[in-house]
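Enquirer: For reference, the structure I am asking about is given below.
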Amino acid sequence: MELCLIFLSYLTCLIVNGVFGDEVKSVMEGHSVTLNTDVIKHKDDLIVWRYGPENTLLATINGKAINTQLYDGDDGRFRDRLKLNDRTGDLTISDIRTSDSGLYTLKISSNNRVSYKRFNVTVSGVFTGDVKSVSVRTGHSFILYTHVLKERDDVMEWRFGAENTLVAKINETTFTPSTDERFRDRVKRDDQTGALMINDTRSHHSGLYQLRINSNNKVSYKKFDVTIHVHSHVDSRVLWVWVIPVVLLLISICVCVYLHWVCVRKPRVGNSNALTDDESSINSSTTLDTEASRCLRSM
């Protein structure tokens, strides 16, 4: 009985401290989401926002020092996209992306009490159209067409592979090419449409390319499956240098075989004719002997 009371007390303490205060948030990519504290911040409260399994620090409000801090995240993914309400501590994430999905944790320290609140945020991407297939041979170029006209404030991002490697970023005034060695000095773009060209391709350029278009706070995607075919780089002139002698050799062999056959066959034909003449003379003499024998008998 005593153990049950202890367990119930512990469970009540967890609920009071907000450990089970999880909320689920679903939002479309490109929109904004606000994570509400549902409290009014007091003068001496300390509010800390963290993200993900690594507990990446996003924002803090220190009431005692009257200090508010926003952070970009370890990889800079939240740069210029976070806002904090000084009065309530609410956190707003703008232009949210699918990579921002995950667990957000709020810690509030107030009057020597600590409470927690957690938010499971799911960001759904907007994908338009089918995956387009593109095939090209190594050493050649390929172009990924957007089939749109770029507006003044549009931001286009081209990414590659499962790691979402940045290939190019295009906005109103700047073009940011990839720093990845695979794409260095190989990428060109069309400023009017945002189309992407990759020159002098290699086999490691095969894979999935994704275009993200942010236009008027609406996000859309296009995807391209690119296959680079490896082929032999044998020059046709070098090929003919080998083919012509082989063909001439085969012709010479055929001519020699034919001439040999002709030369061997003629003597055999002559011998055959000679044998035929001898046989005729023998037959003639045999016929004469037979006639002579008949005449002697009749006498």
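Here's how to read the names in the structure tokens: chain A, B, ... by the order shown, residue numbers from 1 in each chain, ligand numbers from 1 in the order shown.
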What are the DSSP strand (DSSP E or B) residues of range 26-258 of chain A, as an MDAnalysis selection string?

Expert: chainID A and resid 26:28 33:35 46:51 56:62 67:70 82:84 91:93 102:110 113:124 132:137 142:144 155:160 165:170 175:177 187:189 196:198 207:215 218:229

Enquirer: Which residues, written as a PyMOL selection string, have at least one atom at most 8 Å from range 21-30 of chain A, with only C-alpha atoms counted and residues fewer than 5 positions away on the same chain left out?

Expert: chain A and resi 15+94-98+116-126+214+217-219

Enquirer: Please provide the set of residues having any atom within 6 Å of Lys107 in chain A, restricted to only C-alpha atoms, with same-chain residues fewer than 2 positions apart removed, written as a list in words.

Expert: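 Listing them by chain and then by number gives Ile47, Val48, Ser115 and Tyr116 of chain A.
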
Enquirer: Selection from above, N, CA and C atoms, as a PDB file, in the first residue's frame, can you write it?

Expert:
ATOM      1  N   ILE A  47      13.264  30.645 -19.606  1.00  0.00           N
ATOM      2  CA  ILE A  47      12.622  29.807 -20.624  1.00  0.00           C
ATOM      3  C   ILE A  47      13.683  29.363 -21.634  1.00  0.00           C
ATOM      4  N   VAL A  48      13.722  28.047 -21.880  1.00  0.00           N
ATOM      5  CA  VAL A  48      14.721  27.481 -22.802  1.00  0.00           C
ATOM      6  C   VAL A  48      14.004  26.573 -23.810  1.00  0.00           C
ATOM      7  N   SER A 115       9.162  23.114 -15.069  1.00  0.00           N
ATOM      8  CA  SER A 115       8.140  22.397 -15.836  1.00  0.00           C
ATOM      9  C   SER A 115       8.609  22.239 -17.278  1.00  0.00           C
ATOM     10  N   TYR A 116       8.055  21.229 -17.915  1.00  0.00           N
ATOM     11  CA  TYR A 116       8.451  20.912 -19.284  1.00  0.00           C
ATOM     12  C   TYR A 116       7.223  20.804 -20.179  1.00  0.00           C
TER      13      TYR A 116
END

Enquirer: Looking at only C-alpha atoms, which of A:Cys256, A:Leu149, A:Val230, A:Ile108 is the one that sits closest to Ile40 in chain A?

Expert: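 For Ile40 in chain A, the nearest of the candidates is A:Ile108.
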
Enquirer: Please provide the set of residues having any atom within 10 Å of Asp190 in chain A, restricted to only C-alpha atoms, with same-chain residues fewer than 5 positions apart removed, written as a list in words.

Expert: Ile143, Tyr145, Thr146, Lys150, Ile170, Ala195, Leu196 and Met197 of chain A

Enquirer: Kindly indicate which residue among A:Asp38, A:Asp86, A:Asp200, A:Asp75 lies nearest to Arg184 in chain A, using only C-alpha atoms for the distances.

Expert: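 The shortest atom-to-atom distance to Arg184 in chain A comes from A:Asp200.
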
Enquirer: Please, which residues in range 113-177 of chain A fall within 9 Å of range 208-212 of chain A when counting only C-alpha atoms, and what is the closest atom pair and distance in Å to one decimal for each, ordered by chain then residue number, as JSON lines?

Expert:
{"residue": "A:Val131", "atom": "CA", "partner": "A:Leu208", "partner_atom": "CA", "distance": 9.0}
{"residue": "A:Leu144", "atom": "CA", "partner": "A:Tyr209", "partner_atom": "CA", "distance": 8.8}
{"residue": "A:Thr146", "atom": "CA", "partner": "A:Leu211", "partner_atom": "CA", "distance": 8.1}
{"residue": "A:Val155", "atom": "CA", "partner": "A:Arg212", "partner_atom": "CA", "distance": 8.0}
{"residue": "A:Met156", "atom": "CA", "partner": "A:Arg212", "partner_atom": "CA", "distance": 5.6}
{"residue": "A:Glu157", "atom": "CA", "partner": "A:Arg212", "partner_atom": "CA", "distance": 5.1}
{"residue": "A:Trp158", "atom": "CA", "partner": "A:Leu211", "partner_atom": "CA", "distance": 4.6}
{"residue": "A:Arg159", "atom": "CA", "partner": "A:Gln210", "partner_atom": "CA", "distance": 5.2}
{"residue": "A:Phe160", "atom": "CA", "partner": "A:Tyr209", "partner_atom": "CA", "distance": 4.6}
{"residue": "A:Gly161", "atom": "CA", "partner": "A:Leu208", "partner_atom": "CA", "distance": 5.3}
{"residue": "A:Ala162", "atom": "CA", "partner": "A:Leu208", "partner_atom": "CA", "distance": 7.9}
{"residue": "A:Asn164", "atom": "CA", "partner": "A:Gln210", "partner_atom": "CA", "distance": 8.3}
{"residue": "A:Val167", "atom": "CA", "partner": "A:Tyr209", "partner_atom": "CA", "distance": 8.9}

Enquirer: Can you write just those residues out, C-alpha atoms, as a PDB file, in the first residue's frame?

Expert:
ATOM      1  CA  VAL A 131       9.559  11.984 -61.099  1.00  0.00           C
ATOM      2  CA  LEU A 144      16.836  19.759 -65.753  1.00  0.00           C
ATOM      3  CA  THR A 146      11.663  23.653 -64.350  1.00  0.00           C
ATOM      4  CA  VAL A 155      13.883  31.228 -54.198  1.00  0.00           C
ATOM      5  CA  MET A 156      14.933  28.025 -55.950  1.00  0.00           C
ATOM      6  CA  GLU A 157      17.099  25.347 -54.369  1.00  0.00           C
ATOM      7  CA  TRP A 158      18.519  22.376 -56.259  1.00  0.00           C
ATOM      8  CA  ARG A 159      19.591  19.455 -54.064  1.00  0.00           C
ATOM      9  CA  PHE A 160      21.037  16.024 -54.822  1.00  0.00           C
ATOM     10  CA  GLY A 161      20.910  12.565 -53.255  1.00  0.00           C
ATOM     11  CA  ALA A 162      19.839  11.198 -49.896  1.00  0.00           C
ATOM     12  CA  ASN A 164      20.252  16.639 -49.736  1.00  0.00           C
ATOM     13  CA  VAL A 167      23.806  21.858 -55.893  1.00  0.00           C
TER      14      VAL A 167
END

Enquirer: Which of these residues is nearest to His229 in chain A, using only C-alpha atoms: A:Val264, A:His204, A:Asp90, A:Thr173?

Expert: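 Nearest to His229 in chain A: A:His204.
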